[in-house]
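Novice: Take a look at this one; I'll ask things after.
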Amino acid sequence: MKNVKKLLALGAACVLALSLAACGGSTASAPAAEAPAEEAAETPAEAPAEAKGTITVAASTTPHAEILAEAAPLLAEQGWELKVTEFEDYVQPNLVVESGDFDANYFQHIPYLDSFNAEQGTHLVNAGGIHYEPFGIYPGTKASLDELADGDTIAVPNDTTNEARALLLLEANGILKLKEDAGLTATVLDIVENLKNVEILELEAAQVARVKDEVAFVVLNGNYALAAGLSVGQDSIAYETSDSEAAKTYVNVIAVKEGNEESEAIKALVGVLKSDAIKEFINGKYDGAVIPFED
């Protein structure tokens, strides 16, 4: 009988011990096991955007393709895949859009687009202005425009478009005066006042920066300034402002074949390229050599 009681007491103790062990295990481990499940329930994974299609763009390498690379993930969030092909010339990007092989291109300003249409019989239109690359006046042998002396030389690009912009910038800074109707086709022949008898040295655009140690000042556009290691924001004496005639005229655009400018894909592309995120990227990367265009 005693043995039976001992066995019963021992069994009860075992049951009690097992019960306490189970409770202890539950108390210690339950929160750790359940926490991930609660987190998953509160923050479910976002479903990927519904695929809408592919947008193909022909572009110049700098800064256009770089800006598009930054835009690609933002378009992907909307369901668009962006495919960019880089071109080194300024003819093929327009021809491949005209033919329908590409949806759009990003490399040119409006005057070039208009001229190309007139000469080639293409039907390309501006779908949205994205950025402009301001011309700047940079120091050569002189550090300030106040130091400009009689007979000093200023180097400018010699092609029609860029020379006009350079001369307009010099006019805006009081160095010379042009005929009233000269505008964006101005040349040195349109100078009507030149009180300092400044000599305008006309050079191929890529050569201008190379003579900066030989002339008083040089006038450069954004991409050539970048190539020369110059910063519009830090190194230029003066540059085109966003409300200048040149900035508005020479804005770089997304160009498409006429009739496609209102398509969902193009509107998405332009919308992303004009977004605050892309503006911040441009301002941070190019230090004033490329400036977001404000309509």
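So you can find residues: chains in the structure tokens are A, B, ... in the order shown, residues in each start at 1, and ligands are numbered from 1 in order.
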Can you pull out the residues contacting stretch 221-235 of chain A? Cut-off 8 Å, using only C-alpha atoms, and skip same-chain residues under 2 positions away; I want them as a ChimeraX atom specification.
Specialist: /A:62,133-136,138-139,162,205-206,209,219,237,239,287-290
Novice: Find the residues near A:Leu82: any atom within 7 Å, counting only C-alpha atoms, skip ones fewer than 2 places away on the same chain, and give them as a list in words.
Specialist: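 The neighbour list is Thr54, Ile55, Thr56, Ala72, Trp80 and Val84 of chain A.
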Novice: Export N, CA and C atoms of the chosen residues as a compact mmCIF listing (two decimals), in the first residue's frame?
Specialist:
```txt
# COMPACT_ATOMS: atom_id res chain seq x y z
N THR A 54 6.98 48.89 -72.34
CA THR A 54 8.36 49.36 -72.43
C THR A 54 8.42 50.69 -73.17
N ILE A 55 9.26 51.58 -72.67
CA ILE A 55 9.49 52.88 -73.31
C ILE A 55 10.93 52.89 -73.81
N THR A 56 11.11 53.06 -75.11
CA THR A 56 12.45 53.07 -75.69
C THR A 56 12.86 54.51 -76.01
N ALA A 72 14.75 55.57 -64.45
CA ALA A 72 14.27 54.21 -64.71
C ALA A 72 13.57 53.56 -63.52
N TRP A 80 6.40 50.78 -65.84
CA TRP A 80 7.04 50.99 -67.14
C TRP A 80 8.50 50.55 -67.12
N VAL A 84 17.12 52.48 -72.70
CA VAL A 84 17.84 53.63 -73.25
C VAL A 84 18.98 53.15 -74.13
```
Novice: Provide the atom CA of A:Gly79 to atom CA of A:Ala265 distance in Å, to one decimal place.
Specialist: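 Straight-line distance from atom CA of A:Gly79 to atom CA of A:Ala265 works out to 10.1 Å.
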Novice: I'd like to know which of A:Glu86, A:Ala104, A:Phe293, A:Asn260 is closest to A:Lys274, using only C-alpha atoms.
Specialist: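 Residue with the minimum atom-to-atom distance to A:Lys274: A:Phe293.
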Novice: DSSP on the backbone, then: every residue of stretch 121-289 of chain A marked strand (DSSP E or B), written as a PyMOL selection string.
Specialist: chain A and resi 124-132+136-139+153-157+177-178+191-193+199-203+217-220+238-239+252-257
Novice: Convert the current residue selection to file output with C-alpha atoms, as a short mmCIF file (atom, residue, chain, number, x, y, z; two decimals), in the first residue's frame.
Specialist:
```
data_model
loop_
_atom_site.label_atom_id
_atom_site.label_comp_id
_atom_site.auth_asym_id
_atom_site.auth_seq_id
_atom_site.Cartn_x
_atom_site.Cartn_y
_atom_site.Cartn_z
CA LEU A 124 9.02 65.32 -84.61
CA VAL A 125 7.53 67.42 -81.83
CA ASN A 126 8.44 68.58 -78.34
CA ALA A 127 6.71 66.45 -75.69
CA GLY A 128 8.22 68.30 -72.73
CA GLY A 129 11.17 70.48 -71.74
CA ILE A 130 13.45 68.84 -69.16
CA HIS A 131 16.64 70.86 -68.66
CA TYR A 132 18.92 73.48 -70.11
CA GLY A 136 28.74 80.96 -68.67
CA ILE A 137 31.50 83.56 -68.81
CA TYR A 138 34.67 82.10 -67.28
CA PRO A 139 37.89 83.80 -66.18
CA THR A 153 40.08 89.37 -76.13
CA ILE A 154 37.11 87.16 -75.30
CA ALA A 155 36.81 83.72 -76.92
CA VAL A 156 33.38 82.45 -78.02
CA PRO A 157 32.08 79.47 -80.04
CA LYS A 177 25.44 95.88 -77.43
CA LEU A 178 23.77 94.11 -80.35
CA ILE A 191 27.63 94.37 -82.56
CA VAL A 192 26.69 98.08 -82.58
CA GLU A 193 28.47 99.19 -79.40
CA GLU A 199 38.14 91.53 -79.68
CA ILE A 200 35.78 88.58 -80.10
CA LEU A 201 37.82 85.47 -80.93
CA GLU A 202 35.59 82.95 -82.73
CA LEU A 203 36.63 79.32 -82.29
CA PHE A 217 37.60 85.54 -70.72
CA VAL A 218 35.98 82.57 -72.43
CA VAL A 219 32.28 81.89 -72.95
CA LEU A 220 31.29 78.22 -72.73
CA ALA A 238 28.07 85.12 -64.97
CA TYR A 239 25.70 82.68 -66.65
CA ASN A 252 16.54 70.17 -73.96
CA VAL A 253 13.36 68.25 -74.69
CA ILE A 254 11.83 64.83 -75.01
CA ALA A 255 11.06 64.58 -78.72
CA VAL A 256 8.52 62.16 -80.20
CA LYS A 257 6.83 61.60 -83.51
#
```
Novice: Mind checking which residues fall within 7 Å of A:Ile282, counting only C-alpha atoms, ignoring those fewer than 4 positions away in the same chain, and posting them as a PyMOL selection string?
Specialist: chain A and resi 278+286+290-292
Novice: Those residues you just picked out, can you put them in a file as a PDB file, in the first residue's frame with N, CA and C atoms?
Specialist:
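Dumped to part20.pdb:
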```pdb
ATOM      1  N   ILE A 278      14.011  63.874 -59.738  1.00  0.00           N
ATOM      2  CA  ILE A 278      14.974  64.058 -60.824  1.00  0.00           C
ATOM      3  C   ILE A 278      15.580  65.453 -60.769  1.00  0.00           C
ATOM      4  N   TYR A 286      25.290  67.920 -61.204  1.00  0.00           N
ATOM      5  CA  TYR A 286      25.926  68.723 -62.249  1.00  0.00           C
ATOM      6  C   TYR A 286      26.357  70.125 -61.811  1.00  0.00           C
ATOM      7  N   VAL A 290      23.975  71.798 -65.571  1.00  0.00           N
ATOM      8  CA  VAL A 290      22.682  71.347 -66.088  1.00  0.00           C
ATOM      9  C   VAL A 290      21.631  71.818 -65.077  1.00  0.00           C
ATOM     10  N   ILE A 291      20.591  72.480 -65.552  1.00  0.00           N
ATOM     11  CA  ILE A 291      19.592  73.055 -64.655  1.00  0.00           C
ATOM     12  C   ILE A 291      18.201  72.578 -65.078  1.00  0.00           C
ATOM     13  N   PRO A 292      17.412  72.066 -64.126  1.00  0.00           N
ATOM     14  CA  PRO A 292      16.041  71.654 -64.467  1.00  0.00           C
ATOM     15  C   PRO A 292      15.263  72.824 -65.033  1.00  0.00           C
TER      16      PRO A 292
END
```
Novice: Ranking A:Gln78, A:Gln92, A:Asn117, A:Asn194 by minimum distance to A:Glu258 and counting only C-alpha atoms, which one comes first?
Specialist: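 That would be A:Asn117, the residue with the smallest distance to A:Glu258.
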Novice: Can you pull out the residues contacting A:Ser275? Cut-off 10 Å, using only C-alpha atoms, and skip same-chain residues under 3 positions away; I want them as a list in words.
Specialist: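 Near neighbours after the sequence-gap exclusion: Ala71, Leu74, Ile130, Val270, Gly271, Val272, Ile278, Lys279, Glu280 and Pro292 of chain A.
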Novice: Restricted to N, CA and C atoms, what would the selected residues look like written as a compact mmCIF listing (two decimals), in the first residue's frame?
Specialist:
```
# COMPACT_ATOMS: atom_id res chain seq x y z
N ALA A 71 15.95 57.95 -63.76
CA ALA A 71 14.49 57.93 -63.88
C ALA A 71 13.93 56.51 -63.99
N LEU A 74 12.04 54.92 -61.05
CA LEU A 74 10.79 55.63 -60.77
C LEU A 74 9.70 55.23 -61.76
N ILE A 130 12.92 69.47 -70.37
CA ILE A 130 13.45 68.84 -69.16
C ILE A 130 14.55 69.67 -68.49
N VAL A 270 7.79 61.90 -69.29
CA VAL A 270 7.99 63.33 -69.06
C VAL A 270 7.68 63.68 -67.61
N GLY A 271 6.62 63.08 -67.08
CA GLY A 271 6.24 63.36 -65.70
C GLY A 271 7.34 63.00 -64.71
N VAL A 272 7.97 61.85 -64.91
CA VAL A 272 9.06 61.43 -64.02
C VAL A 272 10.27 62.33 -64.20
N ILE A 278 14.01 63.87 -59.74
CA ILE A 278 14.97 64.06 -60.82
C ILE A 278 15.58 65.45 -60.77
N LYS A 279 14.81 66.44 -60.40
CA LYS A 279 15.36 67.79 -60.24
C LYS A 279 16.46 67.79 -59.18
N GLU A 280 16.23 67.11 -58.09
CA GLU A 280 17.24 67.04 -57.03
C GLU A 280 18.49 66.32 -57.52
N PRO A 292 17.41 72.07 -64.13
CA PRO A 292 16.04 71.65 -64.47
C PRO A 292 15.26 72.82 -65.03
```
Novice: How many Å lie between atom CA of A:Leu184 and atom CA of A:Ala164, rounded to one decimal?
Specialist: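 About the pair atom CA of A:Leu184 and atom CA of A:Ala164: they are 5.3 Å apart.
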Novice: Could you please write out, as a PyMOL selection string, every residue of stretch 51-278 of chain A that DSSP assigns to helix (DSSP H, G or I)?
Specialist: chain A and resi 61-76+92-98+110-120+145-147+160-172+183-185+188-190+205-211+222-227+232-235+245-249+264-273+276-278
Novice: Please identify all polymer residues within 10 Å of A:Gly183, counting only C-alpha atoms, omitting same-chain residues fewer than 5 positions from it, and present them as a PyMOL selection string.
Specialist: chain A and resi 164-165+167-168+178+190+245-246
Novice: Taking N, CA and C atoms for each residue, export the selection above as a PDB file, in the first residue's frame.
Specialist:
```pdb
ATOM      1  N   ALA A 164      25.582  83.132 -80.948  1.00  0.00           N
ATOM      2  CA  ALA A 164      24.510  84.054 -80.571  1.00  0.00           C
ATOM      3  C   ALA A 164      24.282  84.040 -79.067  1.00  0.00           C
ATOM      4  N   ARG A 165      24.256  82.874 -78.478  1.00  0.00           N
ATOM      5  CA  ARG A 165      24.055  82.782 -77.034  1.00  0.00           C
ATOM      6  C   ARG A 165      25.188  83.468 -76.279  1.00  0.00           C
ATOM      7  N   LEU A 167      27.141  85.925 -77.352  1.00  0.00           N
ATOM      8  CA  LEU A 167      27.056  87.369 -77.523  1.00  0.00           C
ATOM      9  C   LEU A 167      25.918  87.971 -76.701  1.00  0.00           C
ATOM     10  N   LEU A 168      24.803  87.259 -76.622  1.00  0.00           N
ATOM     11  CA  LEU A 168      23.686  87.735 -75.801  1.00  0.00           C
ATOM     12  C   LEU A 168      24.065  87.788 -74.329  1.00  0.00           C
ATOM     13  N   LEU A 178      24.113  94.676 -79.045  1.00  0.00           N
ATOM     14  CA  LEU A 178      23.769  94.111 -80.349  1.00  0.00           C
ATOM     15  C   LEU A 178      22.601  94.866 -80.969  1.00  0.00           C
ATOM     16  N   ASP A 190      26.676  91.933 -85.813  1.00  0.00           N
ATOM     17  CA  ASP A 190      25.524  92.610 -85.220  1.00  0.00           C
ATOM     18  C   ASP A 190      25.904  93.459 -84.012  1.00  0.00           C
ATOM     19  N   GLU A 245      16.060  84.542 -72.413  1.00  0.00           N
ATOM     20  CA  GLU A 245      15.546  84.111 -73.713  1.00  0.00           C
ATOM     21  C   GLU A 245      16.231  82.834 -74.166  1.00  0.00           C
ATOM     22  N   ALA A 246      17.545  82.760 -73.935  1.00  0.00           N
ATOM     23  CA  ALA A 246      18.306  81.589 -74.368  1.00  0.00           C
ATOM     24  C   ALA A 246      17.891  80.336 -73.611  1.00  0.00           C
TER      25      ALA A 246
END
```
Novice: Just want the 7 Å neighbourhood of A:Thr85, counted on only C-alpha atoms, with same-chain residues fewer than 3 positions away dropped. Output as a list in words.
Specialist: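 Once the nearby chain positions are removed, what remains is Val57, Ala58 and Ala59 of chain A.
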